[in-house]
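Shown below: run-v9.csv, with CSV, C-alpha atoms.
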chain,number,residue,atom,x,y,z
A,1,MET,CA,34.0,-5.3,2.3
A,2,THR,CA,31.1,-7.1,0.6
A,3,HIS,CA,28.9,-9.8,2.0
A,4,SER,CA,28.1,-12.8,-0.2
A,5,PRO,CA,24.6,-14.2,-0.6
A,6,VAL,CA,25.9,-17.4,1.1
A,7,SER,CA,26.3,-15.6,4.4
A,8,VAL,CA,22.8,-14.2,4.2
A,9,SER,CA,21.3,-17.6,3.5
A,10,GLN,CA,23.3,-19.2,6.3
A,11,ALA,CA,22.0,-16.6,8.7
A,12,ALA,CA,18.5,-16.9,7.6
A,13,ALA,CA,18.5,-20.7,7.6
A,14,ARG,CA,19.1,-21.1,11.3
A,15,SER,CA,16.5,-23.1,13.1
A,16,PRO,CA,13.8,-21.3,15.0
A,17,ARG,CA,14.9,-20.2,18.4
A,18,THR,CA,13.0,-19.1,21.5
A,19,THR,CA,12.9,-15.5,22.8
A,20,GLY,CA,12.2,-14.7,26.4
A,21,ASN,CA,12.1,-16.9,29.4
A,22,GLY,CA,9.6,-19.2,31.1
A,23,PRO,CA,6.2,-20.3,29.9
A,24,GLY,CA,4.7,-18.7,26.8
A,25,VAL,CA,8.1,-18.0,25.1
A,26,GLU,CA,7.7,-17.1,21.4
A,27,LEU,CA,9.5,-19.1,18.6
A,28,GLU,CA,11.2,-17.0,16.0
A,29,THR,CA,10.1,-18.0,12.6
A,30,PRO,CA,12.6,-18.7,9.7
A,31,GLU,CA,10.8,-15.8,7.8
A,32,ALA,CA,11.7,-13.3,10.6
A,33,ALA,CA,15.3,-14.4,10.5
A,34,LEU,CA,15.4,-14.1,6.7
A,35,ARG,CA,13.9,-10.6,6.8
A,36,ARG,CA,16.5,-9.5,9.3
A,37,ALA,CA,19.3,-10.9,7.2
A,38,GLU,CA,18.0,-9.3,4.1
A,39,LEU,CA,17.5,-6.0,5.8
A,40,ALA,CA,21.1,-6.1,7.1
A,41,SER,CA,22.5,-6.9,3.7
A,42,PHE,CA,20.4,-4.2,2.1
A,43,LEU,CA,21.5,-1.5,4.6
A,44,ARG,CA,25.2,-2.4,4.1
A,45,SER,CA,24.8,-2.2,0.3
A,46,ARG,CA,23.2,1.2,0.5
A,47,ARG,CA,25.8,2.5,3.0
A,48,GLU,CA,28.7,1.3,0.8
A,49,ARG,CA,27.5,3.2,-2.2
A,50,ILE,CA,27.5,6.7,-0.6
A,51,THR,CA,30.5,8.8,-0.3
A,52,PRO,CA,31.1,11.1,2.7
A,53,GLU,CA,31.0,14.1,0.4
A,54,GLN,CA,27.4,13.3,-0.7
A,55,VAL,CA,26.2,13.8,2.9
A,56,GLY,CA,28.4,16.7,3.8
A,57,LEU,CA,31.1,14.7,5.8
A,58,PRO,CA,34.8,15.1,5.3
A,59,PRO,CA,36.4,12.3,3.2
A,60,GLY,CA,38.9,11.3,5.9
A,61,ARG,CA,41.8,8.9,5.4
A,62,ARG,CA,42.6,5.2,5.3
A,63,ARG,CA,39.1,4.0,4.7
A,64,ARG,CA,39.1,0.2,4.6
A,65,THR,CA,35.6,-0.1,3.2
A,66,PRO,CA,33.8,1.8,0.4
A,67,GLY,CA,31.2,4.4,1.3
A,68,LEU,CA,30.2,5.5,4.7
A,69,ARG,CA,31.2,3.9,8.0
A,70,ARG,CA,28.5,2.5,10.4
A,71,GLU,CA,29.2,5.3,12.9
A,72,GLU,CA,28.6,7.9,10.2
A,73,VAL,CA,25.3,6.5,9.3
A,74,ALA,CA,24.3,6.3,13.0
A,75,GLN,CA,25.4,10.0,13.3
A,76,LEU,CA,23.3,11.0,10.3
A,77,ALA,CA,20.3,9.0,11.5
A,78,VAL,CA,20.7,10.1,15.1
A,79,VAL,CA,20.7,6.6,16.5
A,80,GLY,CA,23.2,4.8,18.6
A,81,VAL,CA,26.3,3.3,16.9
A,82,THR,CA,26.0,0.0,18.8
A,83,TRP,CA,22.3,-0.3,17.9
A,84,TYR,CA,22.9,0.4,14.2
A,85,THR,CA,25.8,-2.1,14.2
A,86,TRP,CA,23.4,-4.7,15.6
A,87,LEU,CA,20.9,-3.9,12.9
A,88,GLU,CA,23.5,-4.5,10.2
A,89,GLN,CA,24.5,-7.8,12.0
A,90,ALA,CA,20.9,-9.0,11.7
A,91,ARG,CA,20.3,-9.1,15.4
A,92,ASP,CA,16.8,-9.4,16.8
A,93,ILE,CA,16.1,-5.8,17.6
A,94,GLN,CA,13.0,-3.6,17.0
A,95,VAL,CA,12.9,-0.9,14.4
A,96,SER,CA,10.3,1.9,14.8
A,97,GLY,CA,8.8,3.8,11.9
A,98,GLN,CA,10.5,7.0,13.1
A,99,VAL,CA,13.9,5.4,13.2
A,100,ALA,CA,13.4,3.7,9.8
A,101,ASN,CA,12.5,7.1,8.4
A,102,SER,CA,15.7,8.6,9.8
A,103,ILE,CA,17.8,5.8,8.3
A,104,ALA,CA,16.1,6.2,4.9
A,105,ARG,CA,17.0,9.8,4.8
A,106,ALA,CA,20.6,9.2,6.0
A,107,LEU,CA,21.1,6.6,3.2
A,108,LEU,CA,19.5,8.8,0.5
A,109,LEU,CA,17.0,6.1,-0.4
A,110,ASP,CA,14.7,6.7,-3.3
A,111,SER,CA,11.0,5.8,-3.1
A,112,ALA,CA,11.4,2.2,-4.2
A,113,GLU,CA,14.3,1.6,-1.8
A,114,ARG,CA,12.4,3.3,1.0
A,115,THR,CA,9.4,1.0,0.6
A,116,HIS,CA,11.8,-2.0,0.6
A,117,LEU,CA,13.3,-0.8,3.8
A,118,PHE,CA,10.0,-0.4,5.6
A,119,THR,CA,8.7,-3.7,4.4
A,120,LEU,CA,11.8,-5.6,5.6
A,121,ALA,CA,11.6,-3.8,8.9
A,122,GLY,CA,7.9,-4.7,9.3
A,123,VAL,CA,6.8,-1.2,10.1
A,124,ALA,CA,4.4,1.2,8.5
A,125,ASP,CA,5.9,4.1,6.4
A,126,PRO,CA,4.4,7.4,7.7
A,127,ARG,CA,4.8,8.8,4.2
A,128,ALA,CA,3.3,5.7,2.4
A,129,ASP,CA,-0.2,7.2,1.9
A,130,SER,CA,1.2,9.8,-0.4
A,131,GLN,CA,3.4,7.4,-2.3
A,132,ARG,CA,0.9,5.6,-4.6
A,133,PRO,CA,2.3,4.4,-7.8
A,134,ALA,CA,2.1,6.8,-10.7
A,135,LEU,CA,0.1,5.7,-13.7
A,136,SER,CA,1.3,6.2,-17.3
A,137,PRO,CA,-0.2,8.9,-19.4
A,138,GLY,CA,-1.6,6.2,-21.6
A,139,ILE,CA,-3.8,4.9,-18.8
A,140,GLU,CA,-5.1,8.4,-18.1
A,141,THR,CA,-5.9,8.8,-21.7
A,142,MET,CA,-7.7,5.5,-21.8
A,143,LEU,CA,-9.9,6.5,-18.8
A,144,ARG,CA,-10.9,9.6,-20.7
A,145,ARG,CA,-11.6,7.7,-23.9
A,146,LEU,CA,-14.0,5.4,-22.0
A,147,GLU,CA,-16.3,8.2,-21.1
A,148,PRO,CA,-19.2,8.5,-20.7
A,149,CYS,CA,-18.9,5.1,-19.2
A,150,PRO,CA,-17.5,5.2,-15.6
A,151,ALA,CA,-14.0,3.6,-15.3
A,152,ALA,CA,-11.4,3.4,-12.5
A,153,VAL,CA,-8.0,1.8,-11.8
A,154,ILE,CA,-8.2,-0.2,-8.6
A,155,ASN,CA,-5.4,-2.3,-7.1
A,156,SER,CA,-5.6,-5.5,-5.0
A,157,ARG,CA,-5.5,-3.4,-1.8
A,158,LEU,CA,-8.8,-1.8,-3.0
A,159,ASP,CA,-7.2,1.6,-3.5
A,160,VAL,CA,-8.8,3.7,-6.2
A,161,LEU,CA,-5.7,4.9,-8.0
A,162,ALA,CA,-7.3,6.8,-10.8
A,163,TYR,CA,-10.7,7.4,-12.4
A,164,ASN,CA,-12.5,9.3,-15.1
A,165,ARG,CA,-14.9,12.2,-14.6
A,166,THR,CA,-18.0,10.0,-14.7
A,167,TYR,CA,-16.8,7.6,-12.1
A,168,GLY,CA,-15.5,10.5,-9.9
A,169,SER,CA,-19.0,12.0,-9.6
A,170,LEU,CA,-21.1,8.8,-9.7
A,171,VAL,CA,-21.6,8.3,-5.9
A,172,ILE,CA,-19.7,11.1,-4.2
A,173,GLU,CA,-17.2,13.7,-5.4
A,174,LEU,CA,-14.0,11.6,-5.2
A,175,ASP,CA,-11.9,14.7,-5.9
A,176,GLN,CA,-12.9,16.0,-2.5
A,177,VAL,CA,-11.9,12.8,-0.7
A,178,PRO,CA,-8.3,12.8,0.7
A,179,LEU,CA,-6.0,10.6,-1.3
A,180,GLU,CA,-5.4,8.2,1.6
A,181,ASP,CA,-9.2,7.7,2.0
A,182,ARG,CA,-9.8,6.7,-1.7
A,183,ASN,CA,-10.0,3.0,-0.7
A,184,PHE,CA,-13.1,0.8,-0.8
A,185,LEU,CA,-12.7,-0.3,2.8
A,186,VAL,CA,-12.4,3.3,4.1
A,187,LEU,CA,-15.2,4.6,1.8
A,188,THR,CA,-17.5,1.8,2.9
A,189,PHE,CA,-17.0,2.1,6.6
A,190,LEU,CA,-16.2,5.8,7.1
A,191,TYR,CA,-18.1,7.6,4.4
A,192,PRO,CA,-21.9,7.2,4.9
A,193,ALA,CA,-22.7,8.9,1.6
A,194,TRP,CA,-20.6,6.3,-0.3
A,195,ARG,CA,-22.2,3.4,1.6
A,196,LYS,CA,-25.7,4.8,0.8
A,197,GLY,CA,-24.9,5.2,-2.9
A,198,VAL,CA,-23.6,1.6,-3.5
A,199,VAL,CA,-26.8,-0.4,-3.5
A,200,ASP,CA,-26.0,-3.7,-2.0
A,201,GLN,CA,-27.0,-4.8,1.5
A,202,GLU,CA,-24.0,-7.1,1.6
A,203,THR,CA,-21.4,-4.5,0.4
A,204,ALA,CA,-19.6,-4.2,3.7
A,205,THR,CA,-19.3,-8.0,4.1
A,206,LYS,CA,-18.2,-8.4,0.4
A,207,VAL,CA,-15.5,-5.7,0.5
A,208,VAL,CA,-14.0,-7.1,3.7
A,209,ALA,CA,-14.0,-10.6,2.4
A,210,LYS,CA,-12.3,-9.6,-0.8
A,211,TYR,CA,-9.6,-7.7,1.1
A,212,ARG,CA,-9.0,-10.6,3.5
A,213,ALA,CA,-8.6,-13.0,0.5
A,214,ALA,CA,-6.1,-10.7,-1.2
A,215,MET,CA,-4.2,-10.0,2.0
A,216,VAL,CA,-3.0,-13.6,2.2
A,217,GLU,CA,-0.2,-12.6,-0.1
A,218,HIS,CA,0.6,-9.5,1.9
A,219,MET,CA,0.4,-10.7,5.5
A,220,THR,CA,3.5,-8.9,6.7
A,221,ASP,CA,3.1,-5.8,4.5
A,222,PRO,CA,2.9,-2.7,6.8
A,223,LEU,CA,0.5,-0.9,4.4
A,224,TRP,CA,-2.0,-3.7,4.4
A,225,LYS,CA,-1.8,-4.2,8.2
A,226,GLY,CA,-1.9,-0.5,8.8
A,227,LEU,CA,-5.2,-0.1,6.9
A,228,VAL,CA,-6.8,-2.9,9.0
A,229,ALA,CA,-5.5,-1.3,12.2
A,230,ARG,CA,-6.9,2.1,11.2
A,231,LEU,CA,-10.4,0.7,10.6
A,232,GLN,CA,-10.3,-1.4,13.8
A,233,ARG,CA,-9.7,1.9,15.6
A,234,GLU,CA,-12.3,3.9,13.8
A,235,SER,CA,-15.1,1.5,13.0
A,236,PRO,CA,-16.7,-1.0,15.4
A,237,GLU,CA,-18.7,-2.4,12.5
A,238,PHE,CA,-15.5,-3.2,10.6
A,239,CYS,CA,-14.2,-5.0,13.7
A,240,GLU,CA,-17.3,-7.2,13.8
A,241,VAL,CA,-17.2,-8.0,10.0
A,242,TRP,CA,-13.4,-8.6,10.1
A,243,ASP,CA,-13.7,-11.1,12.9
A,244,ARG,CA,-15.9,-13.3,10.8
A,245,HIS,CA,-12.9,-14.4,8.7
A,246,GLU,CA,-14.9,-14.6,5.5
A,247,VAL,CA,-13.1,-14.6,2.2
A,248,LEU,CA,-14.4,-13.9,-1.3
A,249,GLN,CA,-12.5,-14.0,-4.6
A,250,PRO,CA,-12.9,-11.1,-7.1
A,251,ASP,CA,-15.8,-11.5,-9.5
A,252,GLN,CA,-17.5,-9.6,-12.3
A,253,PRO,CA,-20.8,-8.6,-10.7
A,254,THR,CA,-23.6,-6.3,-11.7
A,255,THR,CA,-23.2,-3.2,-9.6
A,256,LYS,CA,-26.0,-0.7,-8.7
A,257,PHE,CA,-25.4,2.9,-7.7
A,258,LEU,CA,-28.0,5.3,-6.3
A,259,THR,CA,-27.2,8.8,-7.3
A,260,THR,CA,-28.6,11.7,-5.3
A,261,ASP,CA,-30.7,13.2,-8.1
A,262,LEU,CA,-30.6,11.0,-11.1
A,263,GLY,CA,-31.9,7.8,-9.5
A,264,LEU,CA,-30.7,4.2,-9.7
A,265,MET,CA,-28.1,3.1,-12.2
A,266,THR,CA,-27.1,-0.5,-13.0
A,267,PHE,CA,-23.8,-1.5,-14.5
A,268,ASP,CA,-22.0,-4.6,-15.7
A,269,CYS,CA,-18.4,-4.5,-14.4
A,270,THR,CA,-15.4,-5.6,-16.5
A,271,PRO,CA,-12.0,-5.7,-14.9
A,272,LEU,CA,-8.9,-5.8,-17.1
A,273,TRP,CA,-5.4,-6.4,-15.7
A,274,LEU,CA,-2.9,-3.6,-16.6
A,275,GLY,CA,0.1,-5.9,-16.7
A,276,PRO,CA,1.3,-9.5,-16.9
A,277,ARG,CA,1.2,-9.9,-13.1
A,278,VAL,CA,-1.6,-9.5,-10.7
A,279,GLY,CA,-1.8,-5.9,-9.7
A,280,PRO,CA,-3.9,-2.9,-10.6
A,281,GLN,CA,-7.0,-3.4,-12.7
A,282,LEU,CA,-8.8,-1.1,-15.1
A,283,VAL,CA,-12.5,-1.6,-14.2
A,284,THR,CA,-15.1,-0.3,-16.6
A,285,TYR,CA,-18.8,0.0,-15.9
A,286,THR,CA,-21.2,-0.6,-18.8
A,287,PRO,CA,-24.9,0.3,-18.5
A,288,SER,CA,-27.1,-2.7,-18.1
A,289,ASP,CA,-30.2,-1.0,-19.3
A,290,GLU,CA,-31.4,1.9,-21.4
A,291,ALA,CA,-32.5,3.9,-18.3
A,292,THR,CA,-29.0,3.7,-16.9
A,293,ARG,CA,-27.5,4.7,-20.2
A,294,GLU,CA,-29.6,7.8,-20.3
A,295,ARG,CA,-28.8,8.8,-16.7
A,296,MET,CA,-25.1,8.1,-17.2
A,297,THR,CA,-25.1,10.3,-20.3
A,298,THR,CA,-26.8,13.1,-18.3
A,299,LEU,CA,-24.3,12.8,-15.5
A,300,TYR,CA,-21.4,12.9,-18.0
A,301,GLU,CA,-22.7,15.9,-19.8
A,302,ARG,CA,-23.0,17.6,-16.4
A,303,VAL,CA,-19.4,16.9,-15.2
A,304,ARG,CA,-18.0,17.7,-18.7
A,305,GLY,CA,-19.7,21.1,-18.6
A,306,GLU,CA,-18.1,21.8,-15.2
A,307,ASP,CA,-14.5,21.4,-16.6

Can I see the file as structure tokens?
Amino acid sequence: MTHSPVSVSQAAARSPRTTGNGPGVELETPEAALRRAELASFLRSRRERITPEQVGLPPGRRRRTPGLRREEVAQLAVVGVTWYTWLEQARDIQVSGQVANSIARALLLDSAERTHLFTLAGVADPRADSQRPALSPGIETMLRRLEPCPAAVINSRLDVLAYNRTYGSLVIELDQVPLEDRNFLVLTFLYPAWRKGVVDQETATKVVAKYRAAMVEHMTDPLWKGLVARLQRESPEFCEVWDRHEVLQPDQPTTKFLTTDLGLMTFDCTPLWLGPRVGPQLVTYTPSDEATRERMTTLYERVRGED
């Protein structure tokens, strides 16, 4: 049995309702209802495409619907049948990250589908930090060809997705930084060596203001919210800056880096979009003066000799 888009729209278009009793009740937003309805339809569509044989269950007889039954998904995900039925009925129930992870495994979701599930459920994916988008070999080649100039690919969440050898050794050895920490917010507030190497007294304020401005399009994204929550736990300074509610649009500044043994380097930054939509950028750093060019070349020759 399939479910038409009309039924989803009707479920999502209900007027906001109250939850709870007495003073201070919360109003459910139309967005929340829409997300629940979309999640319900998504789960049904994924369930109906899987045969029992694919998950090691007997085929059975007289199946009135394609794919798995709800009780079979509940069994595979180790959740209650009634609870899972309510989830597919778009009822107002809470989904934890652990349960969403179990459902994703039970429904054999690929990485894109898994991300979609967690986003609709409004919870952080415990595996998300290791699921950054892969870059094409062409981008990797371009980063190399730009050497000795430093260059990196950075997304709107301020994750450093890729970089060439010069950039990777410019401030700290990025190869030694865990993948989930290669983010300008994390580096700024949790890595003193990075903070010292980026010569700008307002760096912390600027990076938070840029993140807040970009986050307006990702307010319900668990990855964006999860990064803020992490830094609120680990950095009192971040909390103080975050609570200022300052915003700053991306610019093309002159950036200064202080290396440990080569001295100050000044670069002009040039960001280039990697696709037709706003997303990752290839940022190149061009020396602003001859002293920087000489020091950059020295750094590059050093890191190239280490390969």

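Between atom CA of Ala193 of chain A and atom CA of Val153 of chain A the separation is 21.1 Å.
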
Exercise. When distances are computed from only C-alpha atoms, which of A:Thr270, A:Thr203, A:Thr286, A:Thr141 shows the smallest separation from Leu185 of chain A?
Worked result: A:Thr203

For this session: Identify the residues around (18.5, 3.8, 16.6) within a radius of 12 Å, measuring from only C-alpha atoms in the coordinates stated by the file, and give them as a list in words.
Result: Arg70, Glu71, Val73, Ala74, Gln75, Leu76, Ala77, Val78, Val79, Gly80, Val81, Thr82, Trp83, Tyr84, Thr85, Trp86, Leu87, Glu88, Ile93, Gln94, Val95, Ser96, Gly97, Gln98, Val99, Ala100, Asn101, Ser102 and Ile103 of chain A

For this session: Give me the residues within 8 Å of segment 212-227 of chain A as a PyMOL selection string, counting all atoms listed in the file and dropping any in the same chain fewer than 6 places off.
Result: chain A and resi 118-119+122-125+128+156-157+245-249

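Atom CA of Leu120 of chain A lies 25.7 Å from atom CA of Pro52 of chain A.
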
For this session: Starting from the point (-10.8, -1.4, -15.0), work out which residues of protein, DNA or RNA have an atom no more than 6 Å away when counting all atoms listed in the file; state them as a PyMOL selection string.
Result: chain A and resi 151-153+271-272+281-284

Please rebuild segment 246-257 of chain A with all heavy atoms and return the result as a PDB file, keeping the file's coordinate frame.
ATOM      1  N   GLU A 246     -14.365 -14.152   6.801  1.00  0.00           N
ATOM      2  CA  GLU A 246     -14.900 -14.600   5.500  1.00  0.00           C
ATOM      3  C   GLU A 246     -14.000 -14.118   4.391  1.00  0.00           C
ATOM      4  O   GLU A 246     -13.332 -13.083   4.479  1.00  0.00           O
ATOM      5  CB  GLU A 246     -16.314 -13.981   5.332  1.00  0.00           C
ATOM      6  CG  GLU A 246     -17.331 -14.499   6.338  1.00  0.00           C
ATOM      7  CD  GLU A 246     -18.722 -13.953   6.089  1.00  0.00           C
ATOM      8  OE1 GLU A 246     -18.920 -13.323   5.034  1.00  0.00           O
ATOM      9  OE2 GLU A 246     -19.593 -14.148   6.953  1.00  0.00           O
ATOM     10  N   VAL A 247     -13.948 -14.920   3.329  1.00  0.00           N
ATOM     11  CA  VAL A 247     -13.100 -14.600   2.200  1.00  0.00           C
ATOM     12  C   VAL A 247     -13.977 -14.709   0.912  1.00  0.00           C
ATOM     13  O   VAL A 247     -14.934 -15.477   0.852  1.00  0.00           O
ATOM     14  CB  VAL A 247     -11.891 -15.522   2.044  1.00  0.00           C
ATOM     15  CG1 VAL A 247     -10.930 -15.288   3.194  1.00  0.00           C
ATOM     16  CG2 VAL A 247     -12.310 -16.988   2.002  1.00  0.00           C
ATOM     17  N   LEU A 248     -13.607 -13.909  -0.091  1.00  0.00           N
ATOM     18  CA  LEU A 248     -14.400 -13.900  -1.300  1.00  0.00           C
ATOM     19  C   LEU A 248     -13.401 -13.497  -2.455  1.00  0.00           C
ATOM     20  O   LEU A 248     -12.693 -12.492  -2.356  1.00  0.00           O
ATOM     21  CB  LEU A 248     -15.511 -12.882  -1.259  1.00  0.00           C
ATOM     22  CG  LEU A 248     -16.413 -12.763  -2.491  1.00  0.00           C
ATOM     23  CD1 LEU A 248     -17.196 -14.051  -2.696  1.00  0.00           C
ATOM     24  CD2 LEU A 248     -17.370 -11.581  -2.331  1.00  0.00           C
ATOM     25  N   GLN A 249     -13.345 -14.297  -3.500  1.00  0.00           N
ATOM     26  CA  GLN A 249     -12.500 -14.000  -4.600  1.00  0.00           C
ATOM     27  C   GLN A 249     -13.146 -12.932  -5.511  1.00  0.00           C
ATOM     28  O   GLN A 249     -14.380 -12.833  -5.562  1.00  0.00           O
ATOM     29  CB  GLN A 249     -12.228 -15.262  -5.452  1.00  0.00           C
ATOM     30  CG  GLN A 249     -11.423 -16.307  -4.694  1.00  0.00           C
ATOM     31  CD  GLN A 249     -10.053 -15.789  -4.277  1.00  0.00           C
ATOM     32  OE1 GLN A 249      -9.393 -15.073  -5.045  1.00  0.00           O
ATOM     33  NE2 GLN A 249      -9.627 -16.135  -3.071  1.00  0.00           N
ATOM     34  N   PRO A 250     -12.336 -12.145  -6.223  1.00  0.00           N
ATOM     35  CA  PRO A 250     -12.900 -11.100  -7.100  1.00  0.00           C
ATOM     36  C   PRO A 250     -13.830 -11.745  -8.145  1.00  0.00           C
ATOM     37  O   PRO A 250     -13.589 -12.852  -8.633  1.00  0.00           O
ATOM     38  CB  PRO A 250     -11.658 -10.513  -7.781  1.00  0.00           C
ATOM     39  CG  PRO A 250     -10.542 -10.795  -6.819  1.00  0.00           C
ATOM     40  CD  PRO A 250     -10.872 -12.112  -6.189  1.00  0.00           C
ATOM     41  N   ASP A 251     -14.900 -11.058  -8.469  1.00  0.00           N
ATOM     42  CA  ASP A 251     -15.800 -11.500  -9.500  1.00  0.00           C
ATOM     43  C   ASP A 251     -16.143 -10.418 -10.455  1.00  0.00           C
ATOM     44  O   ASP A 251     -15.491  -9.384 -10.451  1.00  0.00           O
ATOM     45  CB  ASP A 251     -17.133 -12.039  -8.797  1.00  0.00           C
ATOM     46  CG  ASP A 251     -17.711 -10.967  -7.857  1.00  0.00           C
ATOM     47  OD1 ASP A 251     -17.241  -9.815  -7.912  1.00  0.00           O
ATOM     48  OD2 ASP A 251     -18.622 -11.307  -7.082  1.00  0.00           O
ATOM     49  N   GLN A 252     -17.099 -10.650 -11.323  1.00  0.00           N
ATOM     50  CA  GLN A 252     -17.500  -9.600 -12.300  1.00  0.00           C
ATOM     51  C   GLN A 252     -18.999  -9.379 -12.103  1.00  0.00           C
ATOM     52  O   GLN A 252     -19.831  -9.796 -12.923  1.00  0.00           O
ATOM     53  CB  GLN A 252     -17.198 -10.096 -13.709  1.00  0.00           C
ATOM     54  CG  GLN A 252     -15.725 -10.328 -13.962  1.00  0.00           C
ATOM     55  CD  GLN A 252     -15.445 -10.753 -15.401  1.00  0.00           C
ATOM     56  OE1 GLN A 252     -16.277 -10.602 -16.275  1.00  0.00           O
ATOM     57  NE2 GLN A 252     -14.271 -11.270 -15.644  1.00  0.00           N
ATOM     58  N   PRO A 253     -19.372  -8.678 -11.051  1.00  0.00           N
ATOM     59  CA  PRO A 253     -20.800  -8.600 -10.700  1.00  0.00           C
ATOM     60  C   PRO A 253     -21.480  -7.441 -11.503  1.00  0.00           C
ATOM     61  O   PRO A 253     -20.857  -6.627 -12.182  1.00  0.00           O
ATOM     62  CB  PRO A 253     -20.752  -8.202  -9.242  1.00  0.00           C
ATOM     63  CG  PRO A 253     -19.500  -7.377  -9.123  1.00  0.00           C
ATOM     64  CD  PRO A 253     -18.519  -7.972 -10.104  1.00  0.00           C
ATOM     65  N   THR A 254     -22.784  -7.446 -11.354  1.00  0.00           N
ATOM     66  CA  THR A 254     -23.600  -6.300 -11.700  1.00  0.00           C
ATOM     67  C   THR A 254     -23.651  -5.370 -10.531  1.00  0.00           C
ATOM     68  O   THR A 254     -23.983  -5.813  -9.441  1.00  0.00           O
ATOM     69  CB  THR A 254     -24.978  -6.701 -12.185  1.00  0.00           C
ATOM     70  OG1 THR A 254     -24.880  -7.528 -13.348  1.00  0.00           O
ATOM     71  CG2 THR A 254     -25.825  -5.481 -12.504  1.00  0.00           C
ATOM     72  N   THR A 255     -23.285  -4.109 -10.707  1.00  0.00           N
ATOM     73  CA  THR A 255     -23.200  -3.200  -9.600  1.00  0.00           C
ATOM     74  C   THR A 255     -24.286  -2.078  -9.775  1.00  0.00           C
ATOM     75  O   THR A 255     -24.482  -1.577 -10.888  1.00  0.00           O
ATOM     76  CB  THR A 255     -21.831  -2.524  -9.516  1.00  0.00           C
ATOM     77  OG1 THR A 255     -20.858  -3.542  -9.308  1.00  0.00           O
ATOM     78  CG2 THR A 255     -21.769  -1.545  -8.353  1.00  0.00           C
ATOM     79  N   LYS A 256     -24.930  -1.734  -8.683  1.00  0.00           N
ATOM     80  CA  LYS A 256     -26.000  -0.700  -8.700  1.00  0.00           C
ATOM     81  C   LYS A 256     -25.507   0.497  -7.869  1.00  0.00           C
ATOM     82  O   LYS A 256     -25.016   0.327  -6.753  1.00  0.00           O
ATOM     83  CB  LYS A 256     -27.280  -1.236  -8.184  1.00  0.00           C
ATOM     84  CG  LYS A 256     -27.870  -2.364  -9.035  1.00  0.00           C
ATOM     85  CD  LYS A 256     -29.205  -2.843  -8.475  1.00  0.00           C
ATOM     86  CE  LYS A 256     -29.791  -3.934  -9.354  1.00  0.00           C
ATOM     87  NZ  LYS A 256     -31.104  -4.403  -8.852  1.00  0.00           N
ATOM     88  N   PHE A 257     -25.674   1.692  -8.442  1.00  0.00           N
ATOM     89  CA  PHE A 257     -25.400   2.900  -7.700  1.00  0.00           C
ATOM     90  C   PHE A 257     -26.616   3.784  -7.664  1.00  0.00           C
ATOM     91  O   PHE A 257     -27.346   3.929  -8.651  1.00  0.00           O
ATOM     92  CB  PHE A 257     -24.265   3.714  -8.460  1.00  0.00           C
ATOM     93  CG  PHE A 257     -22.949   3.002  -8.553  1.00  0.00           C
ATOM     94  CD1 PHE A 257     -22.544   2.418  -9.746  1.00  0.00           C
ATOM     95  CD2 PHE A 257     -22.117   2.908  -7.451  1.00  0.00           C
ATOM     96  CE1 PHE A 257     -21.324   1.768  -9.842  1.00  0.00           C
ATOM     97  CE2 PHE A 257     -20.895   2.255  -7.531  1.00  0.00           C
ATOM     98  CZ  PHE A 257     -20.504   1.683  -8.726  1.00  0.00           C
TER      99      PHE A 257
END
